[in-house]
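The file model17.cif comes next; it holds mmCIF, C-alpha atoms and all ligand atoms.
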```cif
data_data
#
loop_
_atom_site.label_atom_id
_atom_site.label_comp_id
_atom_site.auth_asym_id
_atom_site.auth_seq_id
_atom_site.Cartn_x
_atom_site.Cartn_y
_atom_site.Cartn_z
CA MET A 60 0.00 0.00 0.00
CA LYS A 61 1.53 3.33 -1.10
CA LYS A 62 0.88 6.31 1.15
CA ILE A 63 0.01 9.64 -0.43
CA ILE A 64 -0.38 12.79 1.60
CA VAL A 65 -2.12 15.79 0.09
CA ILE A 66 -1.46 19.00 2.02
CA GLY A 67 -4.24 21.56 1.53
CA GLY A 68 -7.95 21.04 0.84
CA GLY A 69 -8.32 23.85 -1.69
CA TYR A 70 -9.08 23.57 -5.41
CA GLY A 71 -5.81 21.81 -6.23
CA GLY A 72 -5.81 19.48 -3.22
CA LEU A 73 -9.38 18.28 -3.74
CA ARG A 74 -8.87 17.67 -7.44
CA ALA A 75 -5.74 15.61 -6.69
CA VAL A 76 -7.65 13.51 -4.14
CA GLU A 77 -10.56 12.97 -6.57
CA ARG A 78 -8.22 11.74 -9.31
CA LEU A 79 -6.18 9.48 -7.03
CA ALA A 80 -9.01 8.00 -4.99
CA GLY A 81 -10.03 5.46 -7.63
CA ILE A 82 -6.57 3.88 -7.88
CA ASP A 83 -6.11 0.55 -6.10
CA GLY A 84 -3.30 0.14 -3.62
CA LEU A 85 -3.20 3.75 -2.41
CA HIS A 86 -3.86 5.12 1.04
CA ILE A 87 -4.70 8.80 0.71
CA THR A 88 -4.59 11.32 3.54
CA LEU A 89 -5.76 14.88 3.11
CA VAL A 90 -4.52 17.39 5.69
CA ASP A 91 -5.86 20.92 6.10
CA ARG A 92 -5.58 23.43 8.89
CA HIS A 93 -9.25 24.25 8.37
CA PRO A 94 -12.08 21.72 8.66
CA TYR A 95 -13.66 23.01 5.44
CA HIS A 96 -12.93 23.65 1.77
CA TYR A 97 -13.42 27.35 1.13
CA LEU A 98 -14.83 28.24 -2.30
CA GLN A 99 -12.87 31.45 -2.75
CA THR A 100 -14.18 31.89 -6.26
CA GLU A 101 -17.65 32.52 -4.78
CA ALA A 102 -16.39 34.97 -2.12
CA TYR A 103 -17.78 37.97 -4.01
CA GLY A 104 -21.35 36.66 -3.66
CA TYR A 105 -20.85 35.72 -0.02
CA ILE A 106 -19.54 39.16 0.88
CA ALA A 107 -22.39 40.97 -0.85
CA GLY A 108 -24.98 38.71 0.84
CA ARG A 109 -25.99 36.90 -2.35
CA PHE A 110 -24.67 33.52 -1.14
CA ASP A 111 -24.69 32.00 2.33
CA LEU A 112 -22.05 30.22 4.35
CA HIS A 113 -23.11 26.79 3.09
CA ASP A 114 -22.48 27.98 -0.48
CA VAL A 115 -18.82 28.71 0.22
CA ALA A 116 -17.78 26.15 2.86
CA ILE A 117 -17.72 22.37 2.40
CA ASP A 118 -16.98 20.08 5.33
CA LEU A 119 -13.83 18.15 4.44
CA LYS A 120 -14.46 15.20 6.75
CA ASN A 121 -17.85 14.45 5.18
CA TRP A 122 -16.42 15.02 1.71
CA CYS A 123 -13.56 12.57 2.31
CA PHE A 124 -15.98 9.95 3.63
CA GLY A 125 -17.82 10.19 0.32
CA PHE A 126 -15.17 8.13 -1.51
CA LYS A 127 -15.81 4.45 -2.03
CA ASN A 128 -12.51 3.31 -0.53
CA GLY A 129 -12.41 6.14 1.99
CA VAL A 130 -9.94 8.98 2.16
CA GLU A 131 -8.54 9.95 5.53
CA PHE A 132 -8.96 13.57 6.54
CA ILE A 133 -6.85 15.17 9.24
CA HIS A 134 -7.73 18.62 10.48
CA ASP A 135 -4.34 19.96 11.48
CA GLU A 136 -1.55 22.29 10.44
CA VAL A 137 1.44 20.82 8.63
CA THR A 138 4.53 22.18 10.36
CA LEU A 139 7.28 20.49 8.33
CA VAL A 140 7.85 18.24 5.34
CA ASP A 141 10.95 16.18 5.97
CA PHE A 142 12.25 14.97 2.60
CA GLU A 143 15.07 12.84 4.00
CA ASN A 144 12.85 10.84 6.36
CA ARG A 145 9.78 11.04 4.09
CA THR A 146 7.57 12.36 6.85
CA VAL A 147 4.99 15.13 7.19
CA HIS A 148 4.95 16.70 10.64
CA LEU A 149 1.64 17.74 12.21
CA SER A 150 1.15 19.50 15.53
CA ASP A 151 1.57 16.32 17.58
CA LYS A 152 2.48 13.47 15.22
CA LYS A 153 4.36 12.52 12.07
CA LEU A 154 2.98 10.77 9.01
CA SER A 155 5.19 8.80 6.67
CA TYR A 156 4.67 9.06 2.92
CA ASP A 157 5.62 7.58 -0.42
CA TYR A 158 4.37 10.66 -2.26
CA VAL A 159 3.41 14.10 -1.03
CA ILE A 160 1.45 16.78 -2.91
CA MET A 161 1.80 20.30 -1.57
CA ALA A 162 -1.34 22.30 -2.42
CA ILE A 163 -1.08 24.97 0.28
CA GLY A 164 -2.38 27.89 -1.82
CA ALA A 165 -1.50 31.50 -1.12
CA GLU A 166 -2.63 34.36 1.09
CA THR A 167 -3.22 38.07 0.57
CA ASN A 168 0.00 40.02 0.20
CA PHE A 169 -0.52 43.04 2.44
CA PHE A 170 2.50 44.88 1.08
CA SER A 171 4.68 45.94 4.00
CA PHE A 172 5.70 49.15 2.17
CA ILE A 173 2.08 50.43 2.48
CA LYS A 174 1.87 51.66 6.05
CA GLY A 175 -1.26 50.48 7.90
CA LEU A 176 -2.49 48.22 5.08
CA ARG A 177 -2.40 44.96 7.02
CA GLU A 178 -3.88 46.60 10.10
CA TYR A 179 -6.84 48.38 8.54
CA SER A 180 -7.86 46.42 5.45
CA HIS A 181 -9.59 43.05 4.98
CA GLY A 182 -8.44 40.28 2.65
CA VAL A 183 -10.75 37.58 1.25
CA LYS A 184 -8.36 34.66 0.84
CA LYS A 185 -9.51 33.33 4.20
CA LEU A 186 -13.12 32.57 5.10
CA GLN A 187 -12.72 34.41 8.40
CA ARG A 188 -11.71 37.59 6.55
CA ALA A 189 -14.55 37.26 4.05
CA PHE A 190 -16.92 36.82 7.00
CA ASP A 191 -15.56 40.01 8.63
CA PHE A 192 -15.99 41.90 5.40
CA ARG A 193 -19.51 40.58 4.86
CA SER A 194 -20.41 41.69 8.40
CA SER A 195 -18.99 45.18 7.73
CA PHE A 196 -20.96 45.49 4.50
CA GLU A 197 -24.15 44.29 6.20
CA LYS A 198 -23.54 46.74 9.07
CA LEU A 199 -23.14 49.58 6.61
CA LEU A 200 -26.40 48.73 4.85
CA TYR A 201 -28.13 48.35 8.20
CA THR A 202 -26.90 51.77 9.35
CA LYS A 203 -28.39 53.31 6.22
CA VAL A 204 -31.68 51.42 6.63
CA GLU A 205 -32.01 52.30 10.32
CA HIS A 206 -30.89 55.92 10.05
CA PRO A 207 -31.83 57.08 6.53
CA LEU A 208 -32.05 60.71 7.53
CA ASP A 209 -28.73 60.86 9.28
CA GLU A 210 -27.38 63.60 7.02
CA ALA A 211 -24.27 63.96 9.13
CA LYS A 212 -22.95 60.66 7.81
CA GLY A 213 -23.47 61.60 4.16
CA GLU A 214 -21.40 59.67 1.66
CA LEU A 215 -19.78 56.48 2.89
CA ASN A 216 -16.90 55.07 0.89
CA ILE A 217 -16.03 51.42 0.52
CA ALA A 218 -12.51 51.03 -0.84
CA VAL A 219 -11.45 47.97 -2.82
CA GLY A 220 -7.67 47.98 -3.25
CA GLY A 221 -6.61 45.91 -6.26
CA ALA A 222 -8.57 45.77 -9.51
CA GLY A 223 -7.69 42.19 -10.45
CA LEU A 224 -10.31 39.47 -10.86
CA SER A 225 -11.27 39.23 -7.18
CA GLY A 226 -11.38 43.00 -6.52
CA VAL A 227 -13.49 43.66 -9.62
CA GLU A 228 -15.96 40.86 -8.81
CA ILE A 229 -16.42 41.97 -5.21
CA ALA A 230 -16.87 45.66 -6.13
CA ALA A 231 -19.41 44.79 -8.84
CA GLU A 232 -21.46 42.49 -6.64
CA MET A 233 -21.70 45.03 -3.81
CA ALA A 234 -22.64 47.81 -6.24
CA ASP A 235 -25.29 45.60 -7.83
CA VAL A 236 -26.82 44.72 -4.45
CA ILE A 237 -27.04 48.40 -3.54
CA LYS A 238 -28.47 49.38 -6.93
CA LYS A 239 -30.98 46.55 -7.13
CA HIS A 240 -32.36 46.89 -3.63
CA THR A 241 -32.55 50.67 -3.31
CA LYS A 242 -36.35 50.43 -3.49
CA SER A 243 -36.61 48.16 -0.46
CA ILE A 244 -33.70 49.28 1.71
CA GLY A 245 -34.08 52.97 1.00
CA GLU A 246 -32.58 55.63 -1.20
CA SER A 247 -30.02 56.67 1.39
CA THR A 248 -28.04 53.54 0.43
CA ARG A 249 -27.17 55.48 -2.73
CA ASP A 250 -24.77 57.46 -0.51
CA ILE A 251 -22.59 54.36 -0.42
CA ARG A 252 -19.79 54.81 -2.94
CA ILE A 253 -17.55 51.99 -4.07
CA HIS A 254 -14.00 52.93 -5.08
CA LEU A 255 -11.95 50.41 -7.05
CA ILE A 256 -8.28 51.32 -6.70
CA ASP A 257 -5.26 49.99 -8.57
CA ALA A 258 -1.68 51.16 -9.07
CA ALA A 259 -1.71 49.80 -12.64
CA ALA A 260 -2.84 51.87 -15.61
CA THR A 261 -5.86 49.64 -16.17
CA ILE A 262 -8.26 47.37 -14.33
CA LEU A 263 -7.71 43.62 -14.76
CA PRO A 264 -4.06 44.02 -15.78
CA GLY A 265 -2.92 41.27 -18.14
CA MET A 266 -6.41 40.44 -19.41
CA SER A 267 -7.58 40.95 -23.02
CA ASP A 268 -8.87 44.28 -24.36
CA TYR A 269 -12.31 42.74 -24.74
CA ILE A 270 -12.56 41.71 -21.08
CA VAL A 271 -11.08 45.00 -19.82
CA THR A 272 -13.30 47.27 -21.94
CA ARG A 273 -16.58 45.40 -21.29
CA THR A 274 -15.79 45.18 -17.58
CA GLN A 275 -14.98 48.89 -17.37
CA GLU A 276 -18.30 49.72 -19.05
CA ARG A 277 -20.24 47.54 -16.65
CA LEU A 278 -18.47 48.92 -13.54
CA GLU A 279 -19.20 52.48 -14.64
CA GLU A 280 -22.82 51.56 -15.26
CA LEU A 281 -22.97 50.29 -11.67
CA GLY A 282 -21.64 53.63 -10.41
CA ILE A 283 -18.27 52.30 -9.25
CA ILE A 284 -15.53 54.93 -9.06
CA ILE A 285 -12.46 53.51 -10.79
CA ARG A 286 -9.11 54.92 -9.68
CA THR A 287 -6.24 53.53 -11.76
CA ASN A 288 -2.60 54.72 -11.57
CA ALA A 289 -3.41 55.27 -7.90
CA PHE A 290 -0.54 54.33 -5.60
CA ILE A 291 -1.64 53.84 -2.01
CA GLU A 292 1.00 55.22 0.32
CA SER A 293 -0.62 54.63 3.70
CA VAL A 294 -3.85 53.63 5.37
CA ASP A 295 -5.05 54.64 8.81
CA LYS A 296 -8.33 54.07 10.64
CA THR A 297 -10.27 56.53 8.51
CA THR A 298 -8.19 57.61 5.53
CA ILE A 299 -6.32 56.20 2.55
CA ARG A 300 -3.48 58.44 1.39
CA PHE A 301 -2.18 58.28 -2.18
CA LYS A 302 1.33 59.06 -3.44
CA ASP A 303 0.05 62.01 -5.51
CA GLY A 304 -1.17 63.75 -2.34
CA GLN A 305 -4.86 62.88 -2.68
CA SER A 306 -6.74 61.08 0.05
CA LEU A 307 -9.97 59.16 0.53
CA GLU A 308 -11.97 58.82 3.72
CA TYR A 309 -13.38 55.33 3.93
CA PHE A 310 -15.81 53.29 5.99
CA PHE A 311 -14.05 50.01 5.36
CA MET A 312 -11.43 48.68 2.99
CA ILE A 313 -10.75 45.38 1.31
CA PHE A 314 -7.36 44.56 -0.21
CA THR A 315 -6.97 42.09 -3.07
CA GLY A 316 -3.85 43.62 -4.62
CA GLY A 317 -1.60 40.57 -4.63
CA ILE A 318 -0.78 37.15 -3.21
CA LYS A 319 2.15 35.45 -1.56
CA VAL A 320 2.68 31.91 -0.35
CA PRO A 321 2.70 31.55 3.45
CA SER A 322 5.98 30.43 4.96
CA PHE A 323 6.10 26.66 5.05
CA ALA A 324 8.91 24.63 6.63
CA LEU A 325 10.79 22.10 4.52
CA SER A 326 13.76 20.02 5.66
CA LYS A 327 15.97 21.53 2.98
CA GLU A 328 16.21 24.88 1.24
CA VAL A 329 14.27 24.91 -2.04
CA GLU A 330 14.12 27.49 -4.81
CA LYS A 331 11.28 30.04 -4.66
CA ASN A 332 10.34 33.24 -6.47
CA GLY A 333 9.65 36.67 -4.95
CA LEU A 334 6.10 35.64 -4.00
CA ASN A 335 7.49 32.65 -2.13
CA GLN A 336 6.06 30.31 -4.80
CA PHE A 337 7.91 27.03 -5.34
CA LEU A 338 9.94 26.71 -8.52
CA VAL A 339 9.33 23.18 -9.76
CA ASP A 340 10.70 20.98 -12.53
CA ALA A 341 8.79 20.15 -15.74
CA PHE A 342 6.88 17.44 -13.83
CA MET A 343 5.67 19.73 -11.02
CA ARG A 344 8.19 18.23 -8.59
CA ILE A 345 10.48 19.98 -6.18
CA PRO A 346 13.85 19.75 -7.97
CA GLY A 347 15.82 16.77 -6.70
CA GLU A 348 12.78 15.28 -4.90
CA THR A 349 11.09 12.81 -7.24
CA ASN A 350 8.21 12.04 -4.88
CA VAL A 351 7.34 15.60 -3.78
CA PHE A 352 4.92 17.51 -6.03
CA ALA A 353 3.44 21.00 -5.72
CA VAL A 354 0.27 22.31 -7.39
CA GLY A 355 -1.88 25.45 -7.57
CA ASP A 356 -1.24 28.92 -6.21
CA CYS A 357 1.83 27.85 -4.22
CA VAL A 358 3.76 27.18 -7.45
CA GLU A 359 5.02 29.47 -10.19
CA ILE A 360 3.36 28.04 -13.30
CA ARG A 361 4.28 29.16 -16.82
CA ASP A 362 2.60 28.54 -20.15
CA ALA A 363 4.36 27.25 -23.29
CA LYS A 364 5.58 30.79 -24.12
CA GLY A 365 7.14 31.15 -20.69
CA ASN A 366 4.56 33.62 -19.36
CA ILE A 367 3.72 33.24 -15.70
CA LEU A 368 0.04 32.30 -15.36
CA PRO A 369 -2.14 34.16 -12.88
CA PRO A 370 -3.09 32.09 -9.83
CA THR A 371 -6.53 30.65 -10.56
CA ALA A 372 -8.66 27.73 -9.44
CA GLN A 373 -8.59 26.54 -13.04
CA THR A 374 -4.78 26.28 -13.08
CA ALA A 375 -4.76 24.73 -9.60
CA GLU A 376 -7.12 22.00 -10.83
CA ARG A 377 -5.25 21.38 -14.10
CA SER A 378 -1.90 21.07 -12.29
CA ALA A 379 -3.46 18.70 -9.72
CA GLU A 380 -4.95 16.52 -12.48
CA TYR A 381 -1.53 16.35 -14.08
CA VAL A 382 0.19 15.37 -10.82
CA ALA A 383 -2.39 12.70 -9.97
CA ASN A 384 -1.87 11.23 -13.42
CA ALA A 385 1.92 11.46 -13.08
CA ILE A 386 1.80 9.47 -9.85
CA LYS A 387 -0.39 6.89 -11.56
CA GLU A 388 2.07 6.65 -14.45
CA GLU A 389 4.99 6.27 -12.07
CA LEU A 390 3.29 3.50 -10.17
CA GLN A 391 2.99 1.69 -13.49
CA HIS A 392 6.68 2.42 -14.25
CA ARG A 393 5.82 4.57 -17.25
CA GLU A 394 7.83 7.57 -18.35
CA LEU A 395 6.42 10.97 -17.34
CA LYS A 396 5.51 13.64 -19.88
CA PRO A 397 6.03 17.28 -18.84
CA PHE A 398 3.12 19.45 -17.66
CA HIS A 399 1.79 21.91 -20.25
CA ALA A 400 -0.13 24.71 -18.60
CA SER A 401 -2.58 26.93 -20.44
CA ILE A 402 -5.72 28.93 -19.73
CA ASP A 403 -8.87 27.73 -21.49
CA GLY A 404 -10.91 30.78 -20.68
CA VAL A 405 -11.82 33.43 -18.20
CA PHE A 406 -15.17 34.59 -16.84
CA VAL A 407 -15.65 37.66 -14.69
CA ALA A 408 -18.82 37.93 -12.57
CA LEU A 409 -19.95 41.54 -12.71
CA GLY A 410 -22.87 41.79 -10.32
CA GLY A 411 -26.27 40.10 -10.42
CA GLU A 412 -26.90 38.16 -13.60
CA TYR A 413 -24.15 39.79 -15.62
CA ALA A 414 -20.68 38.56 -16.56
CA VAL A 415 -18.12 38.84 -19.32
CA GLY A 416 -16.13 35.94 -20.63
CA GLU A 417 -13.73 34.63 -23.20
CA MET A 418 -12.98 31.03 -24.13
CA PHE A 419 -10.05 29.70 -26.14
CA ASN A 420 -9.35 33.30 -27.26
CA ILE A 421 -12.20 33.01 -29.78
CA ILE A 422 -15.56 32.94 -28.03
CA LYS A 423 -16.42 36.26 -26.43
CA VAL A 424 -19.59 36.70 -24.39
CA LYS A 425 -21.10 39.33 -22.13
CA GLY A 426 -24.27 39.92 -20.16
CA TYR A 427 -26.76 37.23 -19.22
CA SER A 428 -25.35 34.55 -21.54
CA ALA A 429 -21.89 34.97 -20.01
CA TYR A 430 -23.47 34.84 -16.56
CA LEU A 431 -25.21 31.55 -17.45
CA LEU A 432 -21.96 30.03 -18.70
CA LYS A 433 -20.05 31.09 -15.59
CA LYS A 434 -22.88 29.79 -13.42
CA LEU A 435 -22.79 26.46 -15.24
CA ILE A 436 -19.05 26.10 -14.54
CA THR A 437 -19.35 26.98 -10.86
CA TYR A 438 -22.56 24.97 -10.41
CA THR A 439 -20.98 21.86 -11.92
CA TYR A 440 -18.07 22.21 -9.49
CA TYR A 441 -20.37 22.81 -6.54
CA LEU A 442 -22.70 19.94 -7.47
CA GLY A 443 -19.76 17.51 -7.64
CA LEU A 444 -18.70 18.53 -4.15
CA LYS A 445 -22.26 18.32 -2.80
CA LEU A 446 -22.92 14.83 -4.18
CA ARG A 447 -19.80 13.49 -2.53
CA LEU A 448 -20.61 15.38 0.64
CA ASN A 449 -24.08 13.83 0.80
CA THR A 450 -22.68 10.33 0.32
CA GLY A 451 -20.04 10.94 2.98
CA PHE A 452 -22.50 12.43 5.43
CA LYS A 453 -24.88 9.46 5.05
CA LYS A 454 -22.02 6.99 5.53
CA ARG A 455 -20.77 8.79 8.62
CA THR A 456 -24.10 9.30 10.36
CA LYS A 457 -25.71 5.94 9.54
CA PRO A 458 -24.54 4.11 12.69
CA PHE A 459 -26.13 6.83 14.81
CA GLU A 460 -29.48 6.50 13.04
CA ASP A 461 -29.66 2.68 13.42
C1 LIG B 1 -12.50 36.68 -4.46
C2 LIG B 1 -11.79 35.69 -5.33
C3 LIG B 1 -12.33 35.37 -6.57
C4 LIG B 1 -11.70 34.45 -7.40
N1 LIG B 1 -12.28 34.14 -8.61
C5 LIG B 1 -11.73 33.19 -9.38
C6 LIG B 1 -12.37 32.79 -10.59
O1 LIG B 1 -13.42 33.32 -10.98
N2 LIG B 1 -11.77 31.79 -11.32
C7 LIG B 1 -10.62 31.17 -10.92
O2 LIG B 1 -10.17 30.23 -11.62
N3 LIG B 1 -9.98 31.54 -9.78
C8 LIG B 1 -10.50 32.52 -9.00
N4 LIG B 1 -9.87 32.89 -7.82
C9 LIG B 1 -8.56 32.29 -7.47
C10 LIG B 1 -8.71 30.91 -6.81
O3 LIG B 1 -9.60 30.96 -5.72
C11 LIG B 1 -7.35 30.39 -6.36
O4 LIG B 1 -6.47 30.44 -7.45
C12 LIG B 1 -7.49 28.95 -5.84
O5 LIG B 1 -8.15 28.98 -4.60
C13 LIG B 1 -6.13 28.26 -5.71
O6 LIG B 1 -6.34 26.94 -5.29
P1 LIG B 1 -5.22 26.20 -4.40
O7 LIG B 1 -5.71 24.81 -4.23
O8 LIG B 1 -3.88 26.42 -4.97
O9 LIG B 1 -5.23 26.96 -3.00
P2 LIG B 1 -6.40 27.24 -1.98
O10 LIG B 1 -7.73 27.07 -2.60
O11 LIG B 1 -6.08 28.57 -1.37
O12 LIG B 1 -6.23 26.11 -0.86
C14 LIG B 1 -5.10 25.99 -0.05
C15 LIG B 1 -5.45 25.15 1.17
O13 LIG B 1 -4.26 24.82 1.87
C16 LIG B 1 -4.50 24.88 3.26
N5 LIG B 1 -3.20 25.06 3.95
C17 LIG B 1 -2.29 26.05 3.74
N6 LIG B 1 -1.21 25.88 4.53
C18 LIG B 1 -1.43 24.76 5.25
C19 LIG B 1 -0.69 24.05 6.23
N7 LIG B 1 0.54 24.46 6.64
N8 LIG B 1 -1.22 22.94 6.79
C20 LIG B 1 -2.46 22.49 6.42
N9 LIG B 1 -3.20 23.13 5.47
C21 LIG B 1 -2.71 24.23 4.89
C22 LIG B 1 -5.45 26.06 3.40
O14 LIG B 1 -6.18 26.00 4.61
C23 LIG B 1 -6.34 25.88 2.15
O15 LIG B 1 -7.48 25.10 2.44
C24 LIG B 1 -10.48 33.84 -6.98
C25 LIG B 1 -9.94 34.16 -5.73
C26 LIG B 1 -10.58 35.07 -4.90
C27 LIG B 1 -9.98 35.39 -3.56
#
```
Serialized structure, structure tokens:
Amino acid sequence: MKKIIVIGGGYGGLRAVERLAGIDGLHITLVDRHPYHYLQTEAYGYIAGRFDLHDVAIDLKNWCFGFKNGVEFIHDEVTLVDFENRTVHLSDKKLSYDYVIMAIGAETNFFSFIKGLREYSHGVKKLQRAFDFRSSFEKLLYTKVEHPLDEAKGELNIAVGGAGLSGVEIAAEMADVIKKHTKSIGESTRDIRIHLIDAAATILPGMSDYIVTRTQERLEELGIIIRTNAFIESVDKTTIRFKDGQSLEYFFMIFTGGIKVPSFALSKEVEKNGLNQFLVDAFMRIPGETNVFAVGDCVEIRDAKGNILPPTAQTAERSAEYVANAIKEELQHRELKPFHASIDGVFVALGGEYAVGEMFNIIKVKGYSAYLLKKLITYTYYLGLKLRLNTGFKKRTKPFED
């Protein structure tokens, strides 16, 4: 029986487990420091109150029970991967392995050169942070509903720092909620202004002209104030200060301006880039360690032209599928083929039933049809998780019902 340990129950980790679980002769253990899988890609809807907690959190124990041969889940933090002794260290025990897959993801990079950023802004890479932000947004709406005539408060600014995919989606969803529900929650909610801030010259840097232009149009239609070429210098409890001397008083701030991989102890020094991402060989392995793979956001992944791909769930899943297959090939003593990363398409949710998208660089869609396509992708993913969750839950709770 070969032992495989998957570290991290995110998009990459779960996909690796799914692909490996059907192979005979494997004992699979999934370890995560949280008891749930957090659907970060749906965070925008959770924050704006469109989705609930059960839409973005999936219990990993129940999910793991859903596999026919069973997958072990351990809720714990991995403190060290010891390559020499082939062990993964948890808080109070060690697990031995034949193969390990590191799928530890990334966290928000609260740039240390922006004074006060970490202290005063929220990230959304962790469920706890998304929950805090959702509560702040709800509180703001409640204040406006309860005290509509409180002229003293006037305009209230929500600042979203970082106009990449996550920042854009969150800003659009909040603006849509405010716009759509003005009739029921009162016109004073119109005083809430959403500012989307980025140091780059454009929103969604690196994306195609089509996606950028259509997104910009939609954000403007929703009343979002876009501030590009805006370098944040410092943040304090009430005010964001920009390098050009301007400032913005804010009610609360979210920061989605970048990622970095959390520090993670390994028994030997390995090569990493400036974001702390692992630099792997052509087979997604830590160089020199033939049985240690890394997938998803924690790895620098390049396409065939050598361009670094943005960290997405899509790439995390593709890399995990590759690694699961590579392990299978190795177990059958077949030669490995290198991983070829590419992006099939991108969809940006832009509030309510509106999205823009592009597939295979040819198909371009916007509006309701793009929303339906994006929904189909996310729903298929969610449904897969739910079916396994239901099976696992039934298996786990059956003895108690008898
Ligand atoms: C708001 C938002 C919107 C997004 N929208 C999209 C989108 O539309 N499309 C898209 O493709 N991507 C999107 N993304 C990006 C996508 O969510 C990430 O690229 C994806 O989550 C990466 O998957 P992963 O498996 O590498 O890491 P993660 O999903 O982050 O999972 C990492 C896991 O590792 C665990 N872990 C970390 N360290 C340890 C440790 N030491 N011990 C135990 N466990 C550990 C964590 O608890 C976590 O569960 C979005 C992200 C955000 C924040």
Need the shell around stretch 67-76 of chain A: protein/DNA/RNA residues with any atom at most 9 Å away, counting all atoms listed in the file. Skip same-chain ones fewer than 6 positions apart. Format as a ChimeraX atom specification?
/A:87-99,119,123,130,160-164,354-356,372-384
Requested write-out: C-alpha atoms of the selected residues, as a compact mmCIF listing (two decimals), in the frame of the given file:
```
# COMPACT_ATOMS: atom_id res chain seq x y z
CA ILE A 87 -4.70 8.80 0.71
CA THR A 88 -4.59 11.32 3.54
CA LEU A 89 -5.76 14.88 3.11
CA VAL A 90 -4.52 17.39 5.69
CA ASP A 91 -5.86 20.92 6.10
CA ARG A 92 -5.58 23.43 8.89
CA HIS A 93 -9.25 24.25 8.37
CA PRO A 94 -12.08 21.72 8.66
CA TYR A 95 -13.66 23.01 5.44
CA HIS A 96 -12.93 23.65 1.77
CA TYR A 97 -13.42 27.35 1.13
CA LEU A 98 -14.83 28.24 -2.30
CA GLN A 99 -12.87 31.45 -2.75
CA LEU A 119 -13.83 18.15 4.44
CA CYS A 123 -13.56 12.57 2.31
CA VAL A 130 -9.94 8.98 2.16
CA ILE A 160 1.45 16.78 -2.91
CA MET A 161 1.80 20.30 -1.57
CA ALA A 162 -1.34 22.30 -2.42
CA ILE A 163 -1.08 24.97 0.28
CA GLY A 164 -2.38 27.89 -1.82
CA VAL A 354 0.27 22.31 -7.39
CA GLY A 355 -1.88 25.45 -7.57
CA ASP A 356 -1.24 28.92 -6.21
CA ALA A 372 -8.66 27.73 -9.44
CA GLN A 373 -8.59 26.54 -13.04
CA THR A 374 -4.78 26.28 -13.08
CA ALA A 375 -4.76 24.73 -9.60
CA GLU A 376 -7.12 22.00 -10.83
CA ARG A 377 -5.25 21.38 -14.10
CA SER A 378 -1.90 21.07 -12.29
CA ALA A 379 -3.46 18.70 -9.72
CA GLU A 380 -4.95 16.52 -12.48
CA TYR A 381 -1.53 16.35 -14.08
CA VAL A 382 0.19 15.37 -10.82
CA ALA A 383 -2.39 12.70 -9.97
CA ASN A 384 -1.87 11.23 -13.42
```
Residue nearest ligand LIG 1 (chain B) among A:Tyr438, A:Phe132, A:Phe323, A:Phe352 (counting only C-alpha atoms and all ligand atoms)
A:Phe323
So that each row is one residue of stretch 218-275 of chain A with an atom at most 7 Å from stretch 285-301 of chain A, can you give its shortest atom pair and the distance in Å to one decimal, using only C-alpha atoms, rows by chain and rising number, as JSON lines?
```
{"residue": "A:His254", "atom": "CA", "partner": "A:Ile285", "partner_atom": "CA", "distance": 5.9}
{"residue": "A:Leu255", "atom": "CA", "partner": "A:Ile285", "partner_atom": "CA", "distance": 4.9}
{"residue": "A:Ile256", "atom": "CA", "partner": "A:Arg286", "partner_atom": "CA", "distance": 4.7}
{"residue": "A:Asp257", "atom": "CA", "partner": "A:Thr287", "partner_atom": "CA", "distance": 4.9}
{"residue": "A:Ala258", "atom": "CA", "partner": "A:Asn288", "partner_atom": "CA", "distance": 4.4}
{"residue": "A:Ala259", "atom": "CA", "partner": "A:Asn288", "partner_atom": "CA", "distance": 5.1}
{"residue": "A:Ala260", "atom": "CA", "partner": "A:Asn288", "partner_atom": "CA", "distance": 4.9}
{"residue": "A:Thr261", "atom": "CA", "partner": "A:Thr287", "partner_atom": "CA", "distance": 5.9}
{"residue": "A:Ile262", "atom": "CA", "partner": "A:Thr287", "partner_atom": "CA", "distance": 7.0}
```
What's the 7 Å shell around A:Ala324, counting all atoms listed in the file, without same-chain residues fewer than 6 positions away, as a PyMOL selection string?
chain A and resi 138-140
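Here atom CA of A:Leu334 and atom CA of A:Val65 stand 21.9 Å from one another.
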Padding 8 Å on each side, edges along x, y and z: where is the centre of the box around the listed atoms of ligand LIG 1 (chain B), and how long are its edges in Å to one decimal? Output it as lines of an AutoDock Vina configuration file.
```
center_x = -6.4
center_y = 29.6
center_z = -2.4
size_x = 30.0
size_y = 30.2
size_z = 34.4
```
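With distances restricted to only C-alpha atoms, A:Asp141 is the closest residue to A:Glu328 from A:Asp141, A:Asp362, A:Glu131, A:Glu388.
Closest approach to ligand LIG 1 (chain B) among A:Asn366, A:Asn128, A:Gln336, A:Gln305 is made by A:Gln336 (distances from only C-alpha atoms and all ligand atoms).
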Quick one: everything within 8 Å of A:Ala353, counting all atoms listed in the file, minus sequence neighbours fewer than 4 positions away in the same chain. Send it as a VMD selection string.
chain A and resid 160 to 162 337 339 343 to 345 357 to 358
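Atom CA of A:Ala189 to atom CA of A:Met233 spans 13.2 Å [interatomic distance, one decimal].
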Write out as a PyMOL selection string the residues lying within 10 Å of A:Phe406, counting only C-alpha atoms and excluding same-chain residues fewer than 5 positions away.
chain A and resi 224+270+414-418+423-425+429-430+432-434+436
